[in-house]
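> Just so it is clear, I am handing over run.txt, which has compact mmCIF, C-alpha atoms.
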```txt
# COMPACT_ATOMS: atom_id res chain seq x y z
CA MET Z 1 22.51 -16.37 67.09
CA ARG Z 2 22.98 -15.35 63.46
CA GLU Z 3 20.18 -17.67 62.33
CA ALA Z 4 17.90 -16.30 65.01
CA THR Z 5 18.61 -12.76 63.82
CA MET Z 6 17.89 -13.70 60.18
CA SER Z 7 14.72 -15.46 61.23
CA HIS Z 8 13.71 -12.33 63.07
CA ALA Z 9 14.49 -10.28 59.97
CA HIS Z 10 12.43 -12.65 57.86
CA ALA Z 11 9.49 -12.37 60.21
CA LYS Z 12 9.91 -8.62 60.35
CA LEU Z 13 9.91 -8.41 56.57
CA SER Z 14 6.72 -10.45 56.39
CA GLN Z 15 5.19 -8.14 58.93
CA LEU Z 16 6.27 -5.07 56.97
CA ILE Z 17 4.81 -6.51 53.80
CA ASN Z 18 1.50 -7.19 55.50
CA GLN Z 19 1.48 -3.75 57.04
CA ALA Z 20 2.51 -1.92 53.89
CA PRO Z 21 -0.02 0.80 53.24
CA ARG Z 22 -2.19 0.35 50.17
CA GLU Z 23 -2.21 4.05 49.55
CA ILE Z 24 0.37 6.79 49.78
CA GLN Z 25 -0.42 10.47 49.60
CA PRO Z 26 1.72 12.25 46.99
CA GLN Z 27 3.87 15.04 48.35
CA LYS Z 28 2.30 17.55 46.00
CA GLU Z 29 -1.07 18.02 44.37
CA LEU Z 30 -1.06 16.34 40.97
CA TRP Z 31 -4.54 17.08 39.66
CA GLN Z 32 -3.77 20.52 38.23
CA ASP Z 33 -1.02 19.18 36.01
CA ILE Z 34 -3.21 16.25 35.02
CA GLU Z 35 -6.06 18.61 34.14
CA LYS Z 36 -3.73 20.66 31.92
CA GLN Z 37 -2.65 17.50 30.15
CA LEU Z 38 -6.28 16.46 29.73
CA ASP Z 39 -6.92 19.78 27.99
CA LYS Z 40 -3.96 19.12 25.72
CA ALA Z 41 -5.25 15.65 25.04
CA GLU Z 42 -8.66 17.11 24.26
CA VAL Z 43 -7.15 19.65 21.88
CA GLN Z 44 -5.25 16.88 20.18
CA GLN Z 45 -8.38 14.77 20.05
CA SER Z 46 -10.41 17.70 18.72
CA GLN Z 47 -7.70 18.41 16.17
CA GLN Z 48 -7.74 14.84 15.08
CA PRO Z 49 -11.32 14.99 13.79
CA LYS Z 50 -10.38 18.25 12.03
CA ARG Z 51 -7.50 16.48 10.39
CA ILE Z 52 -9.79 13.62 9.54
CA LYS Z 53 -12.31 16.10 8.16
CA ARG Z 54 -9.64 17.74 6.03
CA VAL Z 55 -8.48 14.41 4.74
CA ALA Z 56 -12.10 13.41 4.15
CA VAL Z 57 -12.82 16.63 2.25
CA ALA Z 58 -9.66 16.21 0.20
CA SER Z 59 -10.57 12.59 -0.48
CA ILE Z 60 -14.11 13.54 -1.47
CA ALA Z 61 -12.80 16.29 -3.74
CA LEU Z 62 -10.39 13.84 -5.30
CA ALA Z 63 -13.10 11.23 -5.66
CA VAL Z 64 -15.47 13.79 -7.22
CA GLY Z 65 -12.69 14.84 -9.55
CA LEU Z 66 -12.01 11.28 -10.56
CA VAL Z 67 -15.69 10.49 -11.00
CA ALA Z 68 -16.24 13.68 -13.01
CA SER Z 69 -13.21 12.86 -15.11
CA ASN Z 70 -14.47 9.35 -15.59
CA ILE Z 71 -17.96 10.57 -16.50
CA TRP Z 72 -16.50 13.14 -18.87
CA GLN Z 73 -14.38 10.45 -20.43
CA GLN Z 74 -17.36 8.14 -20.74
CA LYS Z 75 -19.41 10.96 -22.21
CA ALA Z 76 -16.63 11.68 -24.61
CA ASP Z 77 -16.56 8.01 -25.49
CA ILE Z 78 -20.30 8.05 -25.97
CA LEU Z 79 -20.19 11.25 -27.99
CA THR Z 80 -17.22 10.23 -30.04
CA PRO Z 81 -18.98 7.27 -31.58
CA ASN Z 82 -21.89 9.58 -32.50
CA GLU Z 83 -19.64 12.04 -34.23
CA PRO Z 84 -17.61 9.32 -35.87
CA SER Z 85 -20.80 7.60 -36.89
CA ALA Z 86 -21.61 10.71 -38.92
CA LEU Z 87 -18.04 10.82 -40.17
CA LEU Z 88 -18.14 7.14 -40.95
CA THR Z 89 -21.29 7.68 -42.97
CA THR Z 90 -19.57 10.50 -44.81
CA LEU Z 91 -16.58 8.27 -45.27
CA ALA Z 92 -18.72 5.51 -46.72
CA ASP Z 93 -20.55 8.00 -48.93
CA ILE Z 94 -17.32 9.42 -50.29
CA LYS Z 95 -16.05 5.94 -50.93
CA ASP Z 96 -19.23 5.07 -52.82
CA GLN Z 97 -19.04 8.24 -54.84
CA HIS Z 98 -15.44 7.55 -55.66
CA GLN Z 99 -16.30 4.02 -56.68
CA GLN Z 100 -19.05 5.38 -58.92
CA GLN Z 101 -16.55 7.72 -60.56
CA VAL Z 102 -14.16 4.86 -61.09
CA ASP Z 103 -16.97 2.75 -62.57
CA LEU Z 104 -18.00 5.64 -64.80
CA LEU Z 105 -14.48 6.07 -66.05
CA SER Z 106 -14.26 2.35 -66.72
CA ARG Z 107 -17.47 2.46 -68.70
CA GLN Z 108 -16.33 5.54 -70.65
CA GLN Z 109 -12.97 4.13 -71.56
CA LEU Z 110 -12.58 3.94 -75.27
CA THR Z 111 -9.35 2.08 -75.38
CA ASN Z 112 -8.10 -1.07 -73.74
CA TRP Z 113 -5.15 0.76 -72.29
CA GLN Z 114 -4.33 -2.18 -70.08
CA ALA Z 115 -3.13 -3.94 -73.14
CA SER Z 116 -0.59 -1.21 -73.81
CA THR Z 117 3.02 -1.82 -73.00
CA LEU Z 118 2.92 1.38 -71.02
CA ALA Z 119 -0.11 0.26 -69.12
CA SER Z 120 1.63 -2.18 -66.84
CA PRO Z 121 3.40 0.38 -64.61
CA LEU Z 122 0.28 2.53 -64.59
CA GLU Z 123 -1.92 -0.38 -63.65
CA LYS Z 124 0.54 -1.42 -61.03
CA GLY Z 125 0.56 2.12 -59.64
CA ILE Z 126 -3.23 2.23 -59.54
CA GLU Z 127 -3.37 -1.14 -57.84
CA GLN Z 128 -0.88 0.00 -55.19
CA LEU Z 129 -2.80 3.21 -54.78
CA ARG Z 130 -6.04 1.31 -54.27
CA LYS Z 131 -4.42 -0.92 -51.67
CA ALA Z 132 -3.06 2.11 -49.88
CA ALA Z 133 -6.43 3.83 -50.12
CA GLU Z 134 -8.12 0.79 -48.63
CA GLN Z 135 -5.67 0.71 -45.74
CA ILE Z 136 -6.18 4.40 -45.15
CA TYR Z 137 -9.92 3.86 -45.33
CA GLN Z 138 -9.79 1.16 -42.66
CA ALA Z 139 -7.60 3.36 -40.51
CA LEU Z 140 -10.04 6.22 -40.95
CA ARG Z 141 -12.87 4.02 -39.76
CA GLN Z 142 -10.93 3.57 -36.54
CA THR Z 143 -9.96 7.23 -36.19
CA PRO Z 144 -12.44 9.24 -38.21
CA ASN Z 145 -11.28 12.51 -36.60
CA ASP Z 146 -7.83 12.29 -38.09
CA LYS Z 147 -7.69 15.15 -40.57
CA GLU Z 148 -4.37 14.23 -42.08
CA LEU Z 149 -5.60 10.75 -42.74
CA TRP Z 150 -8.69 12.23 -44.40
CA GLN Z 151 -6.52 14.40 -46.64
CA LEU Z 152 -4.35 11.47 -47.54
CA TRP Z 153 -7.34 9.28 -48.34
CA LEU Z 154 -8.97 11.95 -50.48
CA TRP Z 155 -5.66 12.49 -52.26
CA THR Z 156 -5.37 8.74 -53.04
CA GLN Z 157 -8.86 8.80 -54.50
CA GLN Z 158 -8.10 11.86 -56.54
CA ARG Z 159 -4.83 10.35 -57.67
CA GLU Z 160 -6.53 7.11 -58.65
CA LEU Z 161 -8.99 9.02 -60.81
CA GLU Z 162 -6.14 10.98 -62.37
CA LEU Z 163 -4.24 7.80 -63.15
CA LEU Z 164 -7.33 6.23 -64.64
CA GLN Z 165 -7.85 9.31 -66.77
CA GLN Z 166 -4.19 9.18 -67.87
CA GLY Z 167 -4.71 5.54 -68.79
CA GLN Z 168 -7.61 6.53 -70.98
CA LYS Z 169 -5.29 8.69 -73.04
CA LEU Z 170 -2.85 5.93 -73.83
CA PRO Z 171 -2.73 5.17 -77.60
CA VAL Z 172 -3.41 1.48 -77.66
CA THR Z 173 -5.68 -0.99 -79.31
CA THR Z 174 -9.34 -0.24 -79.54
CA LEU Z 175 -11.65 -2.18 -77.41
CA PRO Z 176 -13.59 -5.01 -78.90
CA GLN Z 177 -17.30 -4.55 -79.31
CA GLY Z 178 -19.26 -4.87 -76.13
CA ALA Z 179 -16.33 -4.02 -73.85
CA MET R 1 5.19 -13.98 52.08
CA THR R 2 3.42 -13.28 48.83
CA ALA R 3 0.46 -11.04 49.39
CA GLN R 4 -2.87 -11.46 47.73
CA ARG R 5 -2.99 -9.25 44.68
CA GLN R 6 -4.11 -5.92 45.92
CA VAL R 7 -6.31 -4.26 43.39
CA ILE R 8 -7.67 -0.80 43.83
CA GLU R 9 -10.83 -1.44 45.78
CA PRO R 10 -14.02 -0.45 44.03
CA THR R 11 -16.49 2.05 45.33
CA PRO R 12 -19.56 0.44 43.84
CA LEU R 13 -22.12 3.05 44.72
CA ILE R 14 -20.83 5.93 42.65
CA GLU R 15 -17.99 4.58 40.58
CA PRO R 16 -19.96 3.20 37.60
CA GLU R 17 -21.79 6.48 37.28
CA LEU R 18 -18.55 8.44 37.48
CA ILE R 19 -16.96 6.19 34.89
CA ASP R 20 -19.90 6.63 32.56
CA LYS R 21 -19.85 10.41 32.95
CA ALA R 22 -16.06 10.58 32.56
CA LYS R 23 -16.31 8.47 29.42
CA HIS R 24 -18.49 11.20 27.97
CA GLY R 25 -15.96 13.89 28.79
CA ASP R 26 -17.15 14.97 32.23
CA LYS R 27 -13.98 16.26 33.86
CA GLN R 28 -15.56 16.71 37.24
CA ALA R 29 -16.54 13.06 37.28
CA PHE R 30 -13.03 12.16 36.20
CA LYS R 31 -11.60 14.31 38.97
CA GLN R 32 -13.67 12.33 41.46
CA LEU R 33 -12.30 9.13 40.00
CA TYR R 34 -8.82 10.60 40.43
CA GLN R 35 -9.56 11.50 44.02
CA LEU R 36 -10.79 7.98 44.69
CA HIS R 37 -7.79 6.23 43.20
CA HIS R 38 -4.78 8.53 42.99
CA GLN R 39 -3.23 7.51 46.30
CA ARG R 40 -3.33 3.86 45.37
CA VAL R 41 -1.90 4.60 41.94
CA TYR R 42 0.78 6.80 43.46
CA ALA R 43 1.77 4.08 45.96
CA LEU R 44 2.15 1.62 43.10
CA CYS R 45 4.14 4.09 41.01
CA LEU R 46 6.38 5.09 43.90
CA ARG R 47 7.24 1.48 44.71
CA ILE R 48 7.93 0.64 41.08
CA THR R 49 9.83 3.76 40.09
CA GLY R 50 11.66 4.19 43.40
CA GLN R 51 11.62 7.99 43.18
CA ALA R 52 8.98 10.44 44.32
CA SER R 53 9.45 12.72 41.29
CA LEU R 54 9.17 9.80 38.88
CA ALA R 55 6.19 8.44 40.78
CA GLU R 56 4.42 11.79 40.50
CA GLU R 57 5.09 11.92 36.79
CA ALA R 58 3.99 8.31 36.33
CA THR R 59 0.81 8.93 38.33
CA GLN R 60 -0.03 11.92 36.16
CA ASP R 61 0.67 9.89 33.04
CA CYS R 62 -1.55 7.11 34.37
CA PHE R 63 -4.53 9.40 34.73
CA VAL R 64 -3.97 11.11 31.40
CA ARG R 65 -3.77 7.68 29.80
CA LEU R 66 -6.86 6.64 31.73
CA TRP R 67 -8.73 9.68 30.38
CA GLN R 68 -7.74 8.74 26.83
CA LYS R 69 -8.50 5.06 27.22
CA LEU R 70 -11.61 5.29 29.33
CA PRO R 71 -14.00 5.13 26.34
CA GLN R 72 -12.47 1.72 25.62
CA PHE R 73 -13.45 0.42 29.06
CA ARG R 74 -16.35 -1.95 28.43
CA GLY R 75 -16.81 -3.12 31.98
CA GLU R 76 -15.76 -6.67 31.12
CA SER R 77 -13.35 -6.57 34.05
CA GLN R 78 -13.53 -4.54 37.23
CA PHE R 79 -12.53 -0.95 36.71
CA THR R 80 -10.11 -1.21 39.61
CA THR R 81 -8.37 -4.22 38.06
CA TRP R 82 -8.22 -2.44 34.73
CA LEU R 83 -6.78 0.71 36.33
CA HIS R 84 -4.27 -1.36 38.28
CA SER R 85 -3.03 -3.03 35.13
CA LEU R 86 -2.82 0.31 33.35
CA SER R 87 -0.92 1.81 36.29
CA VAL R 88 1.61 -1.01 36.44
CA ASN R 89 2.30 -0.71 32.72
CA GLN R 90 2.57 3.07 32.92
CA ALA R 91 4.94 2.91 35.89
CA LEU R 92 7.13 0.33 34.14
CA SER R 93 7.17 2.52 31.02
CA SER R 94 8.21 5.47 33.13
CA VAL R 95 11.06 3.45 34.64
CA LYS R 96 12.22 2.37 31.20
CA LYS R 97 12.08 5.95 29.97
CA HIS R 98 14.29 7.23 32.77
CA ARG R 99 16.43 4.15 33.21
CA SER R 100 20.17 4.53 33.47
CA PHE R 101 22.49 1.65 32.80
CA TRP R 102 23.78 1.38 36.37
CA SER R 103 20.37 1.69 38.02
CA ARG R 104 19.66 -1.88 36.97
CA PHE R 105 22.35 -3.14 39.28
CA VAL R 106 22.65 -0.63 42.10
CA SER R 107 20.16 1.58 43.86
CA SER R 108 20.14 5.27 43.14
CA GLU R 109 22.56 7.31 45.25
CA THR R 110 20.04 10.06 45.88
CA ASP R 111 17.43 7.57 47.00
CA ILE R 112 19.71 6.13 49.67
CA GLN R 113 20.58 9.55 50.96
CA SER R 114 16.99 10.65 51.12
CA VAL R 115 15.87 7.61 53.11
CA SER R 116 15.68 8.13 56.83
CA ASP R 117 17.07 5.61 59.30
CA GLU R 118 13.64 4.51 60.29
CA TYR R 119 13.10 1.11 58.70
CA GLU R 120 9.63 0.44 59.97
CA ASN R 121 8.28 1.71 56.76
CA LEU R 122 8.83 -0.88 54.07
CA ASP R 123 8.72 1.77 51.37
CA LYS R 124 11.85 3.39 52.71
CA LEU R 125 13.66 0.06 52.61
CA LEU R 126 12.44 -0.63 49.09
CA LEU R 127 14.11 2.54 47.87
CA LYS R 128 17.45 1.05 48.88
CA LEU R 129 17.07 -1.90 46.54
CA PRO R 130 18.46 -2.06 43.01
CA GLU R 131 15.83 -1.29 40.41
CA ARG R 132 15.07 -4.74 39.04
CA ALA R 133 15.06 -6.43 42.42
CA ARG R 134 12.76 -3.76 43.78
CA ILE R 135 10.28 -3.97 40.91
CA VAL R 136 10.14 -7.76 41.05
CA PHE R 137 9.69 -7.67 44.82
CA VAL R 138 6.92 -5.06 44.61
CA LEU R 139 5.04 -6.88 41.88
CA HIS R 140 5.37 -10.33 43.46
CA ALA R 141 5.29 -9.70 47.19
CA LEU R 142 3.10 -6.62 47.40
CA GLU R 143 0.93 -6.73 44.27
CA GLY R 144 0.52 -10.50 44.16
CA TYR R 145 1.68 -11.15 40.62
CA LYS R 146 3.04 -14.63 39.88
CA HIS R 147 6.63 -14.88 38.67
CA GLN R 148 5.34 -15.82 35.21
CA GLU R 149 3.29 -12.61 35.12
CA VAL R 150 6.13 -10.51 36.50
CA ALA R 151 8.42 -11.95 33.87
CA GLN R 152 5.92 -11.11 31.14
CA LEU R 153 5.44 -7.56 32.40
CA MET R 154 9.16 -6.90 32.67
CA GLY R 155 10.28 -8.84 29.62
CA ILE R 156 12.50 -11.17 31.60
CA ALA R 157 12.58 -14.92 32.20
CA PRO R 158 10.49 -16.32 35.09
CA GLY R 159 13.69 -17.73 36.57
CA THR R 160 15.20 -14.25 36.58
CA SER R 161 12.12 -12.95 38.36
CA LYS R 162 12.51 -15.63 41.06
CA ALA R 163 16.21 -14.89 41.43
CA GLN R 164 15.60 -11.13 41.69
CA TYR R 165 12.87 -11.73 44.23
CA HIS R 166 15.14 -13.80 46.46
CA ARG R 167 17.89 -11.25 46.05
CA ALA R 168 15.53 -8.48 47.11
CA GLN R 169 14.30 -10.56 50.03
CA LYS R 170 17.83 -11.19 51.29
CA LEU R 171 18.82 -7.55 50.86
CA LEU R 172 15.75 -6.38 52.76
CA GLU R 173 16.36 -8.89 55.55
CA ALA R 174 19.96 -7.75 55.74
CA LEU R 175 18.81 -4.13 56.01
CA ILE R 176 16.36 -5.04 58.75
CA ASP R 177 19.01 -7.07 60.55
CA LYS R 178 21.55 -4.28 60.26
CA ASP R 179 19.14 -1.73 61.58
CA SER R 180 18.07 -4.01 64.45
CA THR R 181 21.70 -4.44 65.39
CA ASN R 182 22.30 -0.70 65.27
CA ALA R 183 19.22 -0.08 67.35
CA GLY R 184 20.47 -2.59 69.93
CA GLY R 185 23.70 -0.67 70.31
CA HIS R 186 25.87 -3.17 68.45
CA ASN R 187 27.68 -0.61 66.39
CA GLU R 188 30.37 -3.06 65.40
CA SER R 189 27.99 -4.62 62.86
CA CYS R 190 28.22 -1.49 60.73
CA THR R 191 31.78 -2.29 59.87
CA ARG R 192 31.13 -5.88 58.81
```
I need this file expressed as structure tokens, please.


Amino acid sequence: MREATMSHAHAKLSQLINQAPREIQPQKELWQDIEKQLDKAEVQQSQQPKRIKRVAVASIALAVGLVASNIWQQKADILTPNEPSALLTTLADIKDQHQQQVDLLSRQQLTNWQASTLASPLEKGIEQLRKAAEQIYQALRQTPNDKELWQLWLWTQQRELELLQQGQKLPVTTLPQGA
Amino acid sequence: MTAQRQVIEPTPLIEPELIDKAKHGDKQAFKQLYQLHHQRVYALCLRITGQASLAEEATQDCFVRLWQKLPQFRGESQFTTWLHSLSVNQALSSVKKHRSFWSRFVSSETDIQSVSDEYENLDKLLLKLPERARIVFVLHALEGYKHQEVAQLMGIAPGTSKAQYHRAQKLLEALIDKDSTNAGGHNESCTR
């Protein structure tokens, strides 16, 4: 009896499944709420391109800024060598002039002051000064816009000339003929 | 027992045109698509969610989602199949969103109270089932999904799907049996 009932229930369930309606009408109209949500979705979608536009504009502005900065930097790099090239020429000219002065002083020297006992420290000082001047000169070639370095270099040159002139005044042995 | 998978039947004469128009933002065309399919979607949502209010919400969400995703529809599958899949996923999401801990094991108290004594309608019996058993039964027996597919959709093992299906089947048969007994005047069965 129990089995027969369960078998009936099983058959009834199969029947109910087969007869189950494919469609069910909702108890209330849903379209109006859906339509409202579609509008919201549209607003969100329309806002999204605006956001994208803003981001795009910001990105473009940033990119333009970076490119402009880069171009400016490149231009500066291009211009800087031109200006330094003039400065470097000046630098070389000054160095030549200084060397000519040194040569002139050497030719004019009446005494062999290097032979003096006092000459050694002076000569040593000049030598150190020349080394320093050379280092400053090389540094100036790298950074020709450095004013302080310019001043220092010019001072070393001036000082070298002064030391050479002081050396000329030392009372030492006369130079041999043809010196 | 397992039914052939019931997809939302196409209406080939106008549907492609409506889809195309709706894809381009034509709300009137989309409304017609809604009118063609909303009852089928609602039936699916009601059976999965087990509550009319949830089913209404899920149906609305389905169509909003459809509106958003429609431009992605390339026509590689039938629109009805695509909509069916979208509806199942949306209904399951809705269930997850509103799920309570106990609803997994017992049916909702309000659902039982709201169901009339008439059992002829399978949908009224389905509302008496616990959530998981009901969803598995709906997907397998009514929508024609295989247990492997049901398991994938619900994130459970195929064995669990089979077990839940048999549980649902037995519960439904018991409900039918109980009601048959009551109808036959054997009131003593209520106390068993």

> Would you mind telling me which residue in R:Leu92, R:His98, R:Ala163, R:Cys45 lies nearest to chain Z when using only C-alpha atoms?

R:Cys45

> What's around R:His37 at 12 Å? Count all atoms listed in the file, leave out sequence neighbours fewer than 5 positions away in its own chain, and write the answer as JSON, numbers by chain.

{"Z": [22, 23, 24, 25, 26, 31], "R": [7, 8, 9, 10, 11, 15, 30, 31, 32, 42, 43, 44, 59, 60, 62, 63, 66, 79, 80, 81, 83, 84, 87]}

> Near chain Z, which residues of chain R fall within 8 Å when you count all atoms listed in the file, and what do they look like as JSON, numbers by chain?

{"R": [1, 3, 6, 31, 34, 39, 40, 41, 42, 43, 52, 56, 60, 61, 63, 64, 67, 68, 120, 121, 122, 123, 141, 142, 172, 173, 174, 176, 177]}

> So the first atom is atom CA of R:Val150 and the second is atom CA of R:Leu36; what is the distance between them in Å, to one decimal place?

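These atoms are spaced 26.4 Å apart.
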
> What does the distance from atom CA of R:Asp26 to atom CA of R:Leu54 come to in Å, to one decimal?

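Between atom CA of R:Asp26 and atom CA of R:Leu54 the gap works out to 27.6 Å.
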
> Closest to R:Ala29 among R:Pro158, R:Pro130, R:Pro16, R:Pro71, using all atoms listed in the file?

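When distances to R:Ala29 are compared using all atoms listed in the file, the smallest one comes from R:Pro16.
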
> Using only C-alpha atoms, find the one residue out of R:Leu125, R:Ile19, R:Val136, R:Leu33 that sits nearest to R:Gly159.

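Result for the nearest residue to R:Gly159: R:Val136.
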
> Let me make sure I understand: among Z:Leu88, Z:Leu105, Z:Ile52, Z:Val64, which one has the smallest atom-to-atom distance to Z:Arg141 if we use all atoms listed in the file?

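Ranking Z:Leu88, Z:Leu105, Z:Ile52, Z:Val64 by distance to Z:Arg141, first place goes to Z:Leu88.
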
> Draw an axis-aligned box over all listed atoms of stretch 87-102 of chain Z, pad each side with 8 Å, and write its centre and edge lengths in Å, one decimal, as JSON.


```
{"center_x": -17.7, "center_y": 7.4, "center_z": -50.6, "size_x": 23.1, "size_y": 22.8, "size_z": 36.9}
```

> Check the smallest atom-to-atom distance from each of R:Arg74, R:Lys97, R:Lys27, R:Lys124 to R:Leu46 using only C-alpha atoms, then report the winner.

R:Lys124

> Between atom CA of Z:Lys124 and atom CA of Z:Gln142, what is the distance in Å, rounded to a tenth?

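Atom-to-atom, atom CA of Z:Lys124 and atom CA of Z:Gln142 are spaced 27.5 Å apart.
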
> Skipping near chain neighbours, those fewer than 2 positions away, what residues fall within 12 Å of Z:Gln101 using only C-alpha atoms, listed as a ChimeraX atom specification?

/Z:94-99,103-108,157-158,160-162,164-165

> Show me as a list in words the residues that reach within 12 Å of (-3.3, 10.2, -51.9), counting all atoms listed in the file and using the file's own coordinates.

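Residues lying no farther than 12 Å from the given point: Gly125, Ile126, Gln128, Leu129, Arg130, Lys131, Ala132, Ala133, Glu134, Gln135, Ile136, Tyr137, Glu148, Leu149, Trp150, Gln151, Leu152, Trp153, Leu154, Trp155, Thr156, Gln157, Gln158, Arg159, Glu160, Leu161, Glu162 and Leu163 of chain Z.
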
> Find the residue from R:Ala55, R:Gln152, R:Gly50, R:Ser85 that sits nearest to R:Arg132; use all atoms listed in the file when measuring.

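The answer is R:Gly50, which sits nearest to R:Arg132.
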
> Start from the incomplete input, build all heavy atoms for stretch 147-154 of chain Z, and deliver everything as an mmCIF file, in the frame of the given file.


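So the final result, stored in selection_5.cif, reads:
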```
data_model
loop_
_atom_site.group_PDB
_atom_site.id
_atom_site.type_symbol
_atom_site.label_atom_id
_atom_site.label_comp_id
_atom_site.auth_asym_id
_atom_site.auth_seq_id
_atom_site.Cartn_x
_atom_site.Cartn_y
_atom_site.Cartn_z
ATOM 1 N N LYS Z 147 -7.586 14.307 -39.352
ATOM 2 C CA LYS Z 147 -7.690 15.150 -40.570
ATOM 3 C C LYS Z 147 -6.640 14.789 -41.612
ATOM 4 O O LYS Z 147 -6.917 14.768 -42.809
ATOM 5 C CB LYS Z 147 -7.512 16.631 -40.170
ATOM 6 C CG LYS Z 147 -8.736 17.220 -39.494
ATOM 7 C CD LYS Z 147 -8.514 18.682 -39.146
ATOM 8 C CE LYS Z 147 -9.684 19.220 -38.354
ATOM 9 N NZ LYS Z 147 -9.464 20.598 -37.903
ATOM 10 N N GLU Z 148 -5.455 14.542 -41.152
ATOM 11 C CA GLU Z 148 -4.370 14.230 -42.080
ATOM 12 C C GLU Z 148 -4.665 12.945 -42.858
ATOM 13 O O GLU Z 148 -4.381 12.841 -44.063
ATOM 14 C CB GLU Z 148 -3.048 14.075 -41.304
ATOM 15 C CG GLU Z 148 -2.507 15.412 -40.834
ATOM 16 C CD GLU Z 148 -1.162 15.288 -40.141
ATOM 17 O OE1 GLU Z 148 -0.581 14.192 -40.158
ATOM 18 O OE2 GLU Z 148 -0.706 16.287 -39.578
ATOM 19 N N LEU Z 149 -5.244 12.018 -42.093
ATOM 20 C CA LEU Z 149 -5.600 10.750 -42.740
ATOM 21 C C LEU Z 149 -6.687 10.970 -43.793
ATOM 22 O O LEU Z 149 -6.670 10.363 -44.874
ATOM 23 C CB LEU Z 149 -6.086 9.765 -41.658
ATOM 24 C CG LEU Z 149 -5.759 8.289 -41.865
ATOM 25 C CD1 LEU Z 149 -4.278 8.061 -42.100
ATOM 26 C CD2 LEU Z 149 -6.228 7.474 -40.666
ATOM 27 N N TRP Z 150 -7.625 11.861 -43.452
ATOM 28 C CA TRP Z 150 -8.690 12.230 -44.400
ATOM 29 C C TRP Z 150 -8.065 12.801 -45.683
ATOM 30 O O TRP Z 150 -8.428 12.411 -46.804
ATOM 31 C CB TRP Z 150 -9.617 13.288 -43.777
ATOM 32 C CG TRP Z 150 -10.820 12.721 -43.090
ATOM 33 C CD1 TRP Z 150 -10.954 12.485 -41.774
ATOM 34 C CD2 TRP Z 150 -12.032 12.329 -43.726
ATOM 35 N NE1 TRP Z 150 -12.180 11.959 -41.501
ATOM 36 C CE2 TRP Z 150 -12.872 11.847 -42.701
ATOM 37 C CE3 TRP Z 150 -12.500 12.311 -45.033
ATOM 38 C CZ2 TRP Z 150 -14.148 11.366 -42.942
ATOM 39 C CZ3 TRP Z 150 -13.781 11.842 -45.266
ATOM 40 C CH2 TRP Z 150 -14.592 11.359 -44.220
ATOM 41 N N GLN Z 151 -7.160 13.737 -45.486
ATOM 42 C CA GLN Z 151 -6.520 14.400 -46.640
ATOM 43 C C GLN Z 151 -5.793 13.377 -47.507
ATOM 44 O O GLN Z 151 -5.879 13.406 -48.736
ATOM 45 C CB GLN Z 151 -5.545 15.471 -46.138
ATOM 46 C CG GLN Z 151 -6.250 16.709 -45.623
ATOM 47 C CD GLN Z 151 -5.303 17.677 -44.936
ATOM 48 O OE1 GLN Z 151 -4.126 17.375 -44.745
ATOM 49 N NE2 GLN Z 151 -5.823 18.841 -44.567
ATOM 50 N N LEU Z 152 -5.110 12.487 -46.807
ATOM 51 C CA LEU Z 152 -4.350 11.470 -47.540
ATOM 52 C C LEU Z 152 -5.278 10.546 -48.330
ATOM 53 O O LEU Z 152 -5.013 10.208 -49.494
ATOM 54 C CB LEU Z 152 -3.532 10.648 -46.523
ATOM 55 C CG LEU Z 152 -2.545 9.648 -47.099
ATOM 56 C CD1 LEU Z 152 -1.454 10.340 -47.917
ATOM 57 C CD2 LEU Z 152 -1.901 8.824 -45.981
ATOM 58 N N TRP Z 153 -6.375 10.189 -47.685
ATOM 59 C CA TRP Z 153 -7.340 9.280 -48.340
ATOM 60 C C TRP Z 153 -7.971 9.951 -49.564
ATOM 61 O O TRP Z 153 -8.061 9.358 -50.639
ATOM 62 C CB TRP Z 153 -8.423 8.878 -47.329
ATOM 63 C CG TRP Z 153 -9.400 7.861 -47.856
ATOM 64 C CD1 TRP Z 153 -9.102 6.619 -48.323
ATOM 65 C CD2 TRP Z 153 -10.797 8.022 -47.991
ATOM 66 N NE1 TRP Z 153 -10.232 5.962 -48.717
ATOM 67 C CE2 TRP Z 153 -11.309 6.817 -48.512
ATOM 68 C CE3 TRP Z 153 -11.689 9.055 -47.706
ATOM 69 C CZ2 TRP Z 153 -12.673 6.612 -48.775
ATOM 70 C CZ3 TRP Z 153 -13.044 8.835 -47.940
ATOM 71 C CH2 TRP Z 153 -13.520 7.630 -48.482
ATOM 72 N N LEU Z 154 -8.365 11.206 -49.357
ATOM 73 C CA LEU Z 154 -8.970 11.950 -50.480
ATOM 74 C C LEU Z 154 -7.961 12.110 -51.619
ATOM 75 O O LEU Z 154 -8.301 12.045 -52.805
ATOM 76 C CB LEU Z 154 -9.476 13.315 -49.998
ATOM 77 C CG LEU Z 154 -10.677 13.250 -49.041
ATOM 78 C CD1 LEU Z 154 -10.985 14.635 -48.475
ATOM 79 C CD2 LEU Z 154 -11.907 12.686 -49.740
#
```
